[in-house]
file start.csv (CSV, C-alpha atoms)
chain,number,residue,atom,x,y,z
A,1,MET,CA,95.2,88.0,97.8
A,2,GLU,CA,91.8,88.4,96.2
A,3,TYR,CA,91.1,84.7,96.7
A,4,THR,CA,92.1,84.7,100.4
A,5,LEU,CA,90.2,87.9,101.0
A,6,ARG,CA,87.0,86.4,99.6
A,7,LEU,CA,87.2,83.5,102.0
A,8,GLY,CA,87.9,85.9,104.8
A,9,ASP,CA,84.9,88.0,103.8
A,10,ASN,CA,82.6,85.0,103.9
A,11,ALA,CA,83.8,84.1,107.4
A,12,LEU,CA,83.7,87.7,108.7
A,13,ILE,CA,80.2,88.5,107.4
A,14,LEU,CA,78.6,85.3,108.5
A,15,GLY,CA,80.3,85.6,111.9
A,16,GLN,CA,79.0,89.1,112.3
A,17,ARG,CA,75.5,88.1,111.2
A,18,LEU,CA,75.3,85.2,113.6
A,19,GLY,CA,76.6,87.4,116.4
A,20,GLU,CA,73.3,89.2,116.1
A,21,TRP,CA,71.7,86.2,117.8
A,22,CYS,CA,73.8,86.7,120.9
A,23,GLY,CA,71.3,87.4,123.7
A,24,HIS,CA,68.4,86.5,121.5
A,25,GLY,CA,68.6,82.8,121.0
A,26,PRO,CA,65.5,80.6,121.6
A,27,VAL,CA,67.1,78.9,124.6
A,28,LEU,CA,70.3,79.6,126.4
A,29,GLU,CA,72.2,76.6,125.0
A,30,GLN,CA,71.5,77.5,121.4
A,31,ASP,CA,72.2,81.1,122.0
A,32,ILE,CA,75.6,80.0,123.2
A,33,ALA,CA,75.9,77.6,120.4
A,34,LEU,CA,75.4,80.3,117.7
A,35,SER,CA,77.8,82.7,119.5
A,36,ASN,CA,80.4,79.9,119.5
A,37,VAL,CA,79.9,79.3,115.8
A,38,ALA,CA,80.1,83.0,115.2
A,39,LEU,CA,83.3,83.2,117.2
A,40,ASP,CA,84.9,80.4,115.1
A,41,HIS,CA,84.0,82.2,111.9
A,42,LEU,CA,85.5,85.4,113.2
A,43,GLY,CA,88.7,83.5,114.2
A,44,GLN,CA,88.9,82.1,110.7
A,45,ALA,CA,88.3,85.5,109.3
A,46,ARG,CA,91.2,86.9,111.3
A,47,MET,CA,93.6,84.2,110.1
A,48,LEU,CA,92.5,84.8,106.5
A,49,MET,CA,92.6,88.6,106.7
A,50,GLN,CA,96.0,88.7,108.4
A,51,TYR,CA,97.3,86.7,105.4
A,52,ALA,CA,95.5,88.8,102.9
A,53,ALA,CA,96.9,92.0,104.5
A,54,GLU,CA,100.4,90.6,104.3
A,55,LEU,CA,100.0,89.7,100.7
A,56,LYS,CA,98.6,93.1,99.9
A,57,GLY,CA,101.4,94.9,101.8
A,58,GLU,CA,101.2,98.7,101.7
A,59,GLY,CA,100.8,98.8,105.5
A,60,TYR,CA,97.5,96.9,105.4
A,61,THR,CA,96.4,95.1,108.6
A,62,GLU,CA,93.6,92.7,109.3
A,63,ASP,CA,91.7,95.6,111.0
A,64,LYS,CA,92.1,97.8,108.0
A,65,MET,CA,90.7,95.0,105.8
A,66,ALA,CA,87.7,94.5,108.0
A,67,PHE,CA,86.8,98.1,109.0
A,68,PHE,CA,88.0,100.3,106.2
A,69,ARG,CA,86.7,98.6,103.1
A,70,ASP,CA,83.4,99.7,101.6
A,71,ILE,CA,80.5,97.5,100.5
A,72,THR,CA,81.7,97.2,96.9
A,73,GLU,CA,85.1,96.0,98.1
A,74,TYR,CA,83.5,93.2,100.0
A,75,HIS,CA,83.6,90.0,98.0
A,76,ASN,CA,81.7,87.5,100.1
A,77,CYS,CA,78.9,85.4,98.7
A,78,LEU,CA,75.4,86.8,99.1
A,79,LEU,CA,74.1,83.9,101.1
A,80,VAL,CA,76.1,84.9,104.2
A,81,GLU,CA,74.9,88.5,104.3
A,82,LEU,CA,71.2,87.8,104.2
A,83,LYS,CA,69.2,88.6,107.3
A,84,ASN,CA,68.9,86.0,110.0
A,85,GLY,CA,65.1,85.8,109.8
A,86,ASP,CA,63.6,83.3,112.3
A,87,TRP,CA,65.4,80.4,113.9
A,88,GLY,CA,64.4,78.1,111.0
A,89,LYS,CA,65.9,80.5,108.4
A,90,THR,CA,69.1,80.9,110.4
A,91,ILE,CA,69.5,77.1,110.7
A,92,ALA,CA,68.6,76.5,107.0
A,93,ARG,CA,71.2,79.1,105.9
A,94,GLN,CA,73.8,77.6,108.3
A,95,PHE,CA,73.1,74.1,107.0
A,96,LEU,CA,73.4,75.1,103.4
A,97,PHE,CA,76.6,77.1,104.0
A,98,ASP,CA,78.3,74.8,106.5
A,99,THR,CA,77.8,71.8,104.1
A,100,PHE,CA,79.4,73.9,101.4
A,101,ASN,CA,82.2,75.0,103.7
A,102,TYR,CA,82.9,71.5,104.8
A,103,PHE,CA,83.6,70.2,101.3
A,104,PHE,CA,85.3,73.4,100.3
A,105,TYR,CA,87.8,73.4,103.2
A,106,THR,CA,88.3,69.7,102.7
A,107,GLY,CA,89.5,70.6,99.2
A,108,LEU,CA,91.6,73.4,100.5
A,109,LEU,CA,93.6,71.0,102.7
A,110,GLN,CA,95.3,70.0,99.4
A,111,SER,CA,96.2,73.6,98.6
A,112,LYS,CA,99.7,74.2,97.3
A,113,ASP,CA,99.8,77.4,99.2
A,114,GLU,CA,101.2,76.5,102.6
A,115,ARG,CA,99.6,79.2,104.6
A,116,LEU,CA,96.1,78.5,103.1
A,117,GLN,CA,96.7,74.8,103.8
A,118,ALA,CA,97.6,75.6,107.4
A,119,ILE,CA,94.5,77.7,107.9
A,120,ALA,CA,92.3,75.0,106.3
A,121,GLN,CA,93.8,72.4,108.7
A,122,LYS,CA,92.8,74.6,111.6
A,123,ALA,CA,89.4,75.6,110.3
A,124,ILE,CA,88.2,72.2,109.1
A,125,LYS,CA,87.9,70.9,112.6
A,126,GLU,CA,85.6,73.7,113.6
A,127,ILE,CA,83.7,73.6,110.3
A,128,THR,CA,83.1,69.8,110.7
A,129,TYR,CA,81.6,70.5,114.1
A,130,HIS,CA,79.4,73.3,112.7
A,131,ALA,CA,78.2,71.1,109.8
A,132,GLN,CA,77.1,68.4,112.2
A,133,TRP,CA,75.3,70.8,114.5
A,134,SER,CA,73.3,72.6,111.7
A,135,ALA,CA,72.4,69.3,110.0
A,136,GLU,CA,71.1,67.9,113.3
A,137,TRP,CA,69.1,71.1,113.8
A,138,LEU,CA,67.7,70.9,110.3
A,139,ILE,CA,66.5,67.3,111.0
A,140,ARG,CA,65.1,68.3,114.3
A,141,LEU,CA,63.1,71.2,112.8
A,142,GLY,CA,62.1,69.4,109.5
A,143,ASP,CA,61.0,66.3,111.3
A,144,GLY,CA,59.6,68.2,114.3
A,145,THR,CA,56.2,69.8,114.6
A,146,GLU,CA,54.0,70.8,111.8
A,147,GLU,CA,54.9,74.5,112.4
A,148,SER,CA,58.7,73.9,112.4
A,149,HIS,CA,58.5,71.8,109.3
A,150,LYS,CA,56.5,74.4,107.5
A,151,ARG,CA,58.8,77.2,108.5
A,152,VAL,CA,62.1,75.5,107.7
A,153,GLN,CA,60.8,74.2,104.3
A,154,LYS,CA,59.8,77.8,103.5
A,155,ALA,CA,63.3,78.9,104.5
A,156,ILE,CA,65.0,76.3,102.4
A,157,ASP,CA,62.9,77.2,99.4
A,158,ALA,CA,63.6,80.9,99.9
A,159,LEU,CA,67.3,80.5,100.3
A,160,TRP,CA,67.9,78.1,97.4
A,161,GLU,CA,68.4,80.8,94.8
A,162,TRP,CA,71.3,82.1,96.8
A,163,THR,CA,73.2,78.9,96.8
A,164,GLY,CA,74.1,78.8,93.1
A,165,GLU,CA,76.8,81.5,93.6
A,166,LEU,CA,78.7,79.2,96.0
A,167,PHE,CA,79.7,77.1,93.0
A,168,GLU,CA,80.3,79.8,90.4
A,169,MET,CA,83.8,79.8,89.0
A,170,ASP,CA,85.0,83.2,87.9
A,171,GLU,CA,88.4,84.2,86.7
A,172,VAL,CA,90.0,84.3,90.1
A,173,ASP,CA,88.7,80.8,90.9
A,174,GLU,CA,89.9,79.4,87.6
A,175,LYS,CA,93.3,80.9,88.1
A,176,MET,CA,93.8,79.7,91.6
A,177,CYS,CA,92.4,76.3,90.7
A,178,GLU,CA,94.9,75.9,87.8
A,179,ALA,CA,97.8,76.9,90.2
A,180,GLY,CA,96.7,74.2,92.6
A,181,ILE,CA,96.0,76.7,95.3
A,182,GLY,CA,92.2,77.0,95.0
A,183,VAL,CA,89.4,74.4,95.0
A,184,ASP,CA,87.5,73.1,92.0
A,185,LEU,CA,83.9,74.2,92.8
A,186,ALA,CA,82.4,71.7,90.3
A,187,GLY,CA,83.5,68.9,92.6
A,188,VAL,CA,82.3,70.7,95.7
A,189,LYS,CA,78.9,71.2,94.0
A,190,GLN,CA,78.4,67.5,93.4
A,191,GLN,CA,79.3,66.6,96.9
A,192,TRP,CA,77.1,69.4,98.3
A,193,HIS,CA,74.1,68.2,96.3
A,194,GLU,CA,74.6,64.6,97.5
A,195,LYS,CA,74.9,65.6,101.1
A,196,THR,CA,72.1,68.2,101.2
A,197,ALA,CA,69.8,65.6,99.4
A,198,GLU,CA,70.7,63.0,102.1
A,199,ILE,CA,70.1,65.3,105.1
A,200,LEU,CA,66.9,67.0,103.6
A,201,GLU,CA,65.4,63.5,103.1
A,202,ILE,CA,66.1,62.5,106.7
A,203,ALA,CA,64.6,65.8,107.7
A,204,THR,CA,61.5,65.0,105.7
A,205,LEU,CA,62.0,68.1,103.6
A,206,LYS,CA,61.7,68.6,99.9
A,207,LYS,CA,64.9,69.6,98.0
A,208,PRO,CA,64.1,72.4,95.7
A,209,GLU,CA,65.0,72.2,92.0
A,210,ASP,CA,67.9,74.4,90.8
A,211,GLY,CA,66.4,77.4,89.0
A,212,TRP,CA,67.5,80.9,88.4
A,213,MET,CA,70.3,81.8,90.8
A,214,GLN,CA,71.3,85.1,92.4
A,215,LYS,CA,75.0,86.1,92.0
A,216,GLY,CA,77.3,89.1,92.2
A,217,GLY,CA,78.7,89.0,95.7
A,218,LYS,CA,82.1,87.9,94.6
A,219,GLN,CA,82.2,90.9,92.3
A,220,GLY,CA,81.1,93.3,95.0
A,221,GLU,CA,77.5,93.6,94.0
A,222,HIS,CA,75.6,93.1,97.2
A,223,THR,CA,72.1,93.1,98.7
A,224,GLU,CA,71.0,96.2,100.7
A,225,TYR,CA,71.4,94.1,103.9
A,226,LEU,CA,75.2,94.2,103.8
A,227,GLY,CA,75.3,98.0,103.9
A,228,TYR,CA,73.5,98.2,107.2
A,229,MET,CA,75.6,95.5,108.7
A,230,LEU,CA,78.9,97.2,107.6
A,231,ALA,CA,77.6,100.5,109.0
A,232,GLU,CA,77.1,99.0,112.4
A,233,MET,CA,80.3,97.0,112.3
A,234,GLN,CA,82.5,99.8,111.1
A,235,HIS,CA,81.3,103.0,112.6
A,236,LEU,CA,83.4,102.8,115.8
A,237,PRO,CA,86.8,102.3,114.2
A,238,ARG,CA,85.9,104.8,111.5
A,239,MET,CA,84.9,107.5,114.1
A,240,HIS,CA,87.8,106.7,116.3
A,241,PRO,CA,90.5,105.1,114.2
A,242,GLU,CA,93.0,105.0,117.0
A,243,ALA,CA,90.6,103.5,119.6
A,244,SER,CA,91.9,100.6,121.5
A,245,TRP,CA,91.4,98.8,124.8
B,1,MET,CA,120.4,84.1,130.1
B,2,LEU,CA,117.8,81.4,130.9
B,3,THR,CA,118.0,78.0,129.3
B,4,GLU,CA,115.2,76.5,127.3
B,5,ASN,CA,114.5,74.0,130.1
B,6,GLN,CA,114.2,76.8,132.6
B,7,ILE,CA,111.7,78.7,130.4
B,8,TRP,CA,109.6,75.5,130.0
B,9,GLN,CA,109.6,75.3,133.8
B,10,TYR,CA,108.4,78.9,134.1
B,11,LEU,CA,105.8,78.3,131.5
B,12,GLU,CA,104.5,75.5,133.8
B,13,GLU,CA,103.4,78.4,136.0
B,14,VAL,CA,101.4,80.3,133.4
B,15,THR,CA,97.8,79.2,133.6
B,16,ASP,CA,95.0,79.3,131.0
B,17,PRO,CA,92.8,82.3,131.7
B,18,GLU,CA,89.6,80.4,131.1
B,19,ILE,CA,90.5,77.1,132.8
B,20,PRO,CA,92.9,78.3,135.5
B,21,VAL,CA,93.7,74.8,136.8
B,22,LEU,CA,95.6,74.1,133.5
B,23,THR,CA,98.9,75.6,132.6
B,24,VAL,CA,99.6,76.5,129.0
B,25,VAL,CA,102.0,73.5,128.9
B,26,ASP,CA,99.3,71.1,130.1
B,27,MET,CA,97.1,72.4,127.4
B,28,GLY,CA,99.7,71.7,124.7
B,29,VAL,CA,99.4,75.3,123.6
B,30,VAL,CA,103.2,75.9,123.8
B,31,ARG,CA,104.9,74.3,120.8
B,32,GLN,CA,108.5,75.3,121.0
B,33,VAL,CA,110.9,77.4,123.0
B,34,GLU,CA,114.1,78.7,121.5
B,35,VAL,CA,116.9,80.7,123.1
B,36,SER,CA,119.3,82.7,121.1
B,37,ALA,CA,121.6,85.7,121.5
B,38,GLU,CA,118.7,88.0,120.7
B,39,GLY,CA,116.4,86.5,123.4
B,40,ALA,CA,113.8,83.9,123.6
B,41,THR,CA,111.1,82.8,121.2
B,42,VAL,CA,108.1,81.0,122.4
B,43,GLN,CA,105.8,79.5,119.8
B,44,ILE,CA,102.2,79.0,120.7
B,45,THR,CA,99.2,77.6,118.8
B,46,PRO,CA,95.5,78.4,119.3
B,47,THR,CA,93.1,75.7,120.4
B,48,TYR,CA,90.3,77.3,118.4
B,49,SER,CA,90.8,79.9,115.7
B,50,GLY,CA,88.6,82.3,117.5
B,51,CYS,CA,89.8,81.6,121.0
B,52,PRO,CA,89.6,84.9,122.8
B,53,ALA,CA,92.2,83.7,125.4
B,54,MET,CA,95.1,83.7,123.0
B,55,ASN,CA,96.0,87.4,123.5
B,56,GLU,CA,95.9,87.0,127.2
B,57,ILE,CA,98.0,83.9,127.1
B,58,GLU,CA,100.6,85.7,125.0
B,59,GLN,CA,100.7,88.6,127.5
B,60,ASN,CA,100.9,86.3,130.5
B,61,ILE,CA,103.8,84.4,129.0
B,62,ARG,CA,105.6,87.7,128.3
B,63,GLN,CA,104.8,89.0,131.8
B,64,LYS,CA,106.0,85.8,133.5
B,65,LEU,CA,109.3,85.7,131.7
B,66,LYS,CA,109.8,89.3,132.3
B,67,GLU,CA,109.4,88.7,136.0
B,68,GLU,CA,112.0,86.0,135.8
B,69,GLY,CA,114.4,88.6,134.3
B,70,LEU,CA,114.0,87.8,130.6
B,71,GLU,CA,113.2,91.0,128.7
B,72,LYS,CA,113.5,90.0,125.1
B,73,VAL,CA,110.7,87.6,124.5
B,74,LYS,CA,109.1,87.0,121.2
B,75,VAL,CA,105.8,85.1,121.2
B,76,GLU,CA,104.8,83.7,117.9
B,77,THR,CA,101.6,82.1,116.9
B,78,VAL,CA,101.8,79.1,114.6
B,79,LEU,CA,98.8,77.4,113.0
B,80,SER,CA,100.3,74.2,111.5
B,81,PRO,CA,100.1,71.5,112.6
B,82,PRO,CA,96.8,72.4,114.2
B,83,TRP,CA,96.3,71.8,117.9
B,84,THR,CA,94.4,68.7,118.9
B,85,THR,CA,93.3,67.5,122.2
B,86,ASP,CA,95.9,64.7,121.9
B,87,TRP,CA,98.5,67.3,122.9
B,88,MET,CA,96.9,67.8,126.3
B,89,THR,CA,99.1,66.1,128.9
B,90,GLU,CA,97.8,63.2,131.0
B,91,LYS,CA,98.5,65.4,134.0
B,92,GLY,CA,96.4,68.1,132.4
B,93,LYS,CA,93.5,65.7,131.9
B,94,GLU,CA,93.6,64.6,135.5
B,95,LYS,CA,93.6,68.2,136.7
B,96,LEU,CA,90.6,68.9,134.5
B,97,ARG,CA,88.7,65.9,135.9
B,98,ALA,CA,89.4,67.0,139.5
B,99,TYR,CA,88.2,70.5,138.6
B,100,GLY,CA,84.9,69.1,137.4
B,101,ILE,CA,85.4,69.3,133.6
B,102,ALA,CA,85.3,66.0,131.8
B,103,PRO,CA,88.6,65.6,129.8
B,104,PRO,CA,88.6,64.8,126.1
B,105,GLU,CA,87.8,61.1,125.5
B,106,GLY,CA,89.8,59.0,123.0
B,107,SER,CA,91.8,60.3,120.1
B,108,SER,CA,91.0,63.2,117.9
B,109,ALA,CA,91.5,60.9,114.9
B,110,ASP,CA,88.1,59.4,115.7
B,111,LYS,CA,85.8,61.0,113.1
B,112,SER,CA,82.5,59.8,114.6
B,113,VAL,CA,81.9,63.4,115.3
B,114,LEU,CA,80.7,64.0,111.7
B,115,PHE,CA,77.1,63.1,111.5
B,116,GLY,CA,77.7,60.4,114.0
B,117,LYS,CA,76.7,59.4,117.5
B,118,PRO,CA,78.1,61.4,120.4
B,119,LYS,CA,80.5,59.2,122.3
B,120,SER,CA,80.0,58.3,125.9
B,121,VAL,CA,81.6,60.7,128.3
B,122,GLN,CA,82.4,59.9,132.0
B,123,CYS,CA,80.8,62.2,134.6
B,124,PRO,CA,83.7,64.0,136.4
B,125,ASN,CA,81.6,64.2,139.6
B,126,CYS,CA,80.5,60.6,140.2
B,127,GLY,CA,82.3,58.6,137.5
B,128,SER,CA,79.2,57.3,135.9
B,129,LYS,CA,79.2,56.6,132.1
B,130,LYS,CA,75.5,57.3,132.0
B,131,THR,CA,75.6,60.8,130.7
B,132,GLU,CA,73.9,62.6,127.9
B,133,LEU,CA,74.7,65.5,125.6
B,134,VAL,CA,72.8,68.7,126.4
B,135,SER,CA,74.5,70.9,123.8
B,136,GLN,CA,77.5,70.6,121.5
B,137,PHE,CA,78.5,74.1,122.6
B,138,GLY,CA,79.4,75.1,126.1
B,139,SER,CA,80.7,78.0,128.1
B,140,THR,CA,83.8,78.4,126.0
B,141,ALA,CA,84.7,77.4,122.4
B,142,CYS,CA,86.5,74.3,123.6
B,143,LYS,CA,83.7,72.8,125.7
B,144,ALA,CA,80.4,71.0,125.3
B,145,LEU,CA,77.6,70.7,127.8
B,146,TYR,CA,76.6,67.3,129.3
B,147,LYS,CA,74.4,66.0,132.0
B,148,CYS,CA,74.9,63.0,134.2
B,149,THR,CA,71.8,60.8,134.5
B,150,SER,CA,73.2,59.0,137.6
B,151,CYS,CA,74.0,62.0,139.8
B,152,LEU,CA,71.9,64.4,137.8
B,153,GLU,CA,74.7,67.0,137.7
B,154,PRO,CA,75.3,69.0,134.6
B,155,PHE,CA,79.0,69.3,133.6
B,156,ASP,CA,81.3,70.7,131.0
B,157,TYR,CA,83.1,68.3,128.6
B,158,PHE,CA,86.4,69.4,126.9
B,159,LYS,CA,85.6,68.6,123.3
B,160,CYS,CA,87.8,66.2,121.5
B,161,ILE,CA,89.1,67.7,118.2
call {"tool": "encode", "arguments": {"input": "start.csv", "output": "structure tokens"}}
result
Amino acid sequence: MEYTLRLGDNALILGQRLGEWCGHGPVLEQDIALSNVALDHLGQARMLMQYAAELKGEGYTEDKMAFFRDITEYHNCLLVELKNGDWGKTIARQFLFDTFNYFFYTGLLQSKDERLQAIAQKAIKEITYHAQWSAEWLIRLGDGTEESHKRVQKAIDALWEWTGELFEMDEVDEKMCEAGIGVDLAGVKQQWHEKTAEILEIATLKKPEDGWMQKGGKQGEHTEYLGYMLAEMQHLPRMHPEASW
Amino acid sequence: MLTENQIWQYLEEVTDPEIPVLTVVDMGVVRQVEVSAEGATVQITPTYSGCPAMNEIEQNIRQKLKEEGLEKVKVETVLSPPWTTDWMTEKGKEKLRAYGIAPPEGSSADKSVLFGKPKSVQCPNCGSKKTELVSQFGSTACKALYKCTSCLEPFDYFKCI
């Protein structure tokens, strides 16, 4: 349950974050693009949270998972909750996360858990599409104007310390990996480094060195940014728990 | 009691809320129909995991079968195997083209989508192959935006996944 919920949290929080761009994109097409990506993430979050709720039992539902858990009960990685920043930062985060997600879900296709495998089969098509889109945008910005190059390089440098957590194996990861359900993050890490190096080079950007890395999201220790997001996302169902339309 | 064949026929009259020229059968969204003593079970599968039309499709199926006198209808969502554009019927693809949306080209097994070149898409208005991608994402999750460089019309392309 914990493993599934973490994946659901990653998808939900990133989807919610990207949704903030809706109506604010630099041009209409890319506004729509990010809203579409956000929608895919929310769809994946629903599938994962429905499953997590079933595993948990006790009358849990996907909505209860999303709207009635507090910040310390959210176990998403920190990268996805960071503020959007400018277009360059949003693209840089999306590129770093999509590339991880692509290799992660490719691994999850082999999961011995049938339900997770089915979700992965569905999600990988969308994730592949996202990974292509954000890589193309990274190249466009990196190899674009002097200003876009400068901004996206700054974003990559600033975000790098948040990427280490993606590959951290804790007890839950180890256990799921041993059971053949989860994905070995060491393998994903290598593939991720190769792919990001390749794309960053095409984008004429410098790949930062791995240094000290932020962590704690998986254990429920979050940045202050998540609190504000949850407050906005959750206030309606908490004020009116029976609300529907 | 209706037979499975009859139900399939009725489902041919349930249209997609976002692309009303297509029926849910054309789309390949209906996976299975089963009739038992307890009623009918219709299995549907989402095109995209976040497709907002799924709830409405479910309701419309229920409504249609109710109108035909079938009260006990269970609509189940199944994820595996995942929907692909290969399941869209030929008739459905023709209807899309006539409606002004370019149907998916080729097979979904083609992985050129990943860090590859976009494939050439035929303009649904003038038939020209001289078209270019404007944006990978279009008006709904299942479409991309293209432009024809022959007749200059922009058009939606049903993405091949």
call {"tool": "residues_around", "arguments": {"input": "start.csv", "residues": "Lys83 (chain A)", "least_positions_apart": "4", "cutoff": "10 Å", "atoms": "only C-alpha atoms", "output": "list in words"}}
result
Arg17, Leu18, Glu20, Leu79, Lys89, Thr90, Arg93, Tyr225, Leu226 and Met229 of chain A
call {"tool": "atom_distance", "arguments": {"input": "start.csv", "atom1": "CA of Arg6 (chain A)", "atom2": "CA of Ile127 (chain A)"}}
result
17.0 Å
call {"tool": "closest_residue", "arguments": {"input": "start.csv", "among": "A:Ala92, A:Ala66, A:Ile32, A:Leu236", "to": "chain B", "atoms": "all atoms listed in the file"}}
result
A:Ile32
call {"tool": "closest_residue", "arguments": {"input": "start.csv", "among": "B:Asp86, B:Glu68, B:Asp16, B:Glu34", "to": "Ile161 (chain B)", "atoms": "all atoms listed in the file"}}
result
B:Asp86
call {"tool": "closest_residue", "arguments": {"input": "start.csv", "among": "B:Ser49, B:Cys148, B:Trp83, B:Glu90", "to": "chain A", "atoms": "all atoms listed in the file"}}
result
B:Ser49
call {"tool": "residues_around", "arguments": {"input": "start.csv", "residues": "region 36-47 of chain B", "least_positions_apart": "6", "cutoff": "8 Å", "atoms": "all atoms listed in the file", "output": "list in words"}}
result
Val29, Val30, Met54, Leu70, Glu71, Lys72, Val73, Lys74, Val75, Glu76, Thr77, Val78, Leu79, Pro82, Trp83, Thr84 and Cys142 of chain B
call {"tool": "closest_residue", "arguments": {"input": "start.csv", "among": "B:Pro154, B:Gly50, B:Gly28, B:Gly106", "to": "chain A", "atoms": "only C-alpha atoms"}}
result
B:Gly50
call {"tool": "atom_distance", "arguments": {"input": "start.csv", "atom1": "CA of Gln136 (chain B)", "atom2": "CA of Trp133 (chain A)"}}
result
7.3 Å
call {"tool": "closest_atom_pairs", "arguments": {"input": "start.csv", "of": "region 9-29 of chain A", "to": "region 212-219 of chain A", "cutoff": "12 Å", "atoms": "only C-alpha atoms", "output": "JSON lines"}}
result
{"residue": "A:Asp9", "atom": "CA", "partner": "A:Lys218", "partner_atom": "CA", "distance": 9.6}
{"residue": "A:Asn10", "atom": "CA", "partner": "A:Lys218", "partner_atom": "CA", "distance": 9.8}
{"residue": "A:Ile13", "atom": "CA", "partner": "A:Gly217", "partner_atom": "CA", "distance": 11.8}
call {"tool": "interface_residues", "arguments": {"input": "start.csv", "of": "chain A", "to": "chain B", "cutoff": "6 Å", "atoms": "all atoms listed in the file", "output": "VMD selection string"}}
result
chain A and resid 33 36 39 to 40 43 to 44 118 122 132
call {"tool": "residues_near_point", "arguments": {"input": "start.csv", "point": "(95.5, 67.4, 127.3)", "cutoff": "10 Å", "atoms": "only C-alpha atoms", "output": "JSON, numbers by chain"}}
result
{"B": [22, 25, 26, 27, 28, 29, 84, 85, 86, 87, 88, 89, 90, 91, 92, 93, 94, 95, 96, 103, 104, 158, 160]}
call {"tool": "residues_around", "arguments": {"input": "start.csv", "residues": "region 3-5 of chain B", "least_positions_apart": "2", "cutoff": "7 Å", "atoms": "only C-alpha atoms", "output": "list of chain:residue names"}}
result
B:Met1, B:Ile7, B:Trp8, B:Gln9, B:Val33, B:Glu34, B:Val35
call {"tool": "write_last_selection", "arguments": {"input": "start.csv", "atoms": "C-alpha atoms", "output": "tab-separated table (two decimals), keeping the file's coordinate frame"}}
result
chain	number	residue	atom	x	y	z
B	1	MET	CA	120.40	84.10	130.10
B	7	ILE	CA	111.70	78.70	130.40
B	8	TRP	CA	109.60	75.50	130.00
B	9	GLN	CA	109.60	75.30	133.80
B	33	VAL	CA	110.90	77.40	123.00
B	34	GLU	CA	114.10	78.70	121.50
B	35	VAL	CA	116.90	80.70	123.10
call {"tool": "closest_residue", "arguments": {"input": "start.csv", "among": "B:Asn55, B:Leu2, B:Lys130, B:Gln32", "to": "Pro17 (chain B)", "atoms": "all atoms listed in the file"}}
result
B:Asn55
call {"tool": "residues_around", "arguments": {"input": "start.csv", "residues": "Glu224 (chain A)", "least_positions_apart": "2", "cutoff": "10 Å", "atoms": "all atoms listed in the file", "output": "NGL selection string"}}
result
:A and (71 or 81-82 or 221-222 or 226-229)
call {"tool": "residues_around", "arguments": {"input": "start.csv", "residues": "region 61-64 of chain A", "least_positions_apart": "5", "cutoff": "8 Å", "atoms": "only C-alpha atoms", "output": "mmCIF file with C-alpha atoms, keeping the file's coordinate frame"}}
result
data_model
loop_
_atom_site.group_PDB
_atom_site.id
_atom_site.type_symbol
_atom_site.label_atom_id
_atom_site.label_comp_id
_atom_site.auth_asym_id
_atom_site.auth_seq_id
_atom_site.Cartn_x
_atom_site.Cartn_y
_atom_site.Cartn_z
ATOM 1 C CA ARG A 46 91.200 86.900 111.300
ATOM 2 C CA MET A 49 92.600 88.600 106.700
ATOM 3 C CA GLN A 50 96.000 88.700 108.400
ATOM 4 C CA ALA A 52 95.500 88.800 102.900
ATOM 5 C CA ALA A 53 96.900 92.000 104.500
ATOM 6 C CA GLU A 54 100.400 90.600 104.300
ATOM 7 C CA ARG A 69 86.700 98.600 103.100
#
call {"tool": "atom_distance", "arguments": {"input": "start.csv", "atom1": "CA of Tyr99 (chain B)", "atom2": "CA of Ser150 (chain B)"}}
result
18.9 Å
call {"tool": "decode", "arguments": {"input": "start.csv", "residues": "region 19-27 of chain B", "atoms": "N, CA and C atoms", "output": "CSV table (one decimal), in the first residue's frame"}}
result
chain,number,residue,atom,x,y,z
B,19,ILE,N,-16.0,13.7,-29.0
B,19,ILE,CA,-15.9,13.5,-30.5
B,19,ILE,C,-17.2,12.9,-30.9
B,20,PRO,N,-18.3,13.6,-31.0
B,20,PRO,CA,-19.6,13.1,-31.2
B,20,PRO,C,-19.9,12.3,-32.4
B,21,VAL,N,-18.9,12.3,-33.4
B,21,VAL,CA,-19.2,11.5,-34.6
B,21,VAL,C,-18.8,10.0,-34.4
B,22,LEU,N,-18.0,9.8,-33.3
B,22,LEU,CA,-17.6,8.4,-33.0
B,22,LEU,C,-18.5,7.8,-32.0
B,23,THR,N,-18.8,6.5,-32.2
B,23,THR,CA,-19.5,5.8,-31.1
B,23,THR,C,-18.4,5.2,-30.2
B,24,VAL,N,-18.9,4.8,-29.0
B,24,VAL,CA,-17.9,4.1,-28.1
B,24,VAL,C,-17.4,2.8,-28.7
B,25,VAL,N,-18.1,2.2,-29.6
B,25,VAL,CA,-17.7,1.0,-30.2
B,25,VAL,C,-16.6,1.3,-31.3
B,26,ASP,N,-16.8,2.4,-32.1
B,26,ASP,CA,-15.8,2.8,-33.0
B,26,ASP,C,-14.5,3.1,-32.4
B,27,MET,N,-14.6,3.7,-31.2
B,27,MET,CA,-13.4,4.1,-30.5
B,27,MET,C,-12.6,2.9,-29.9
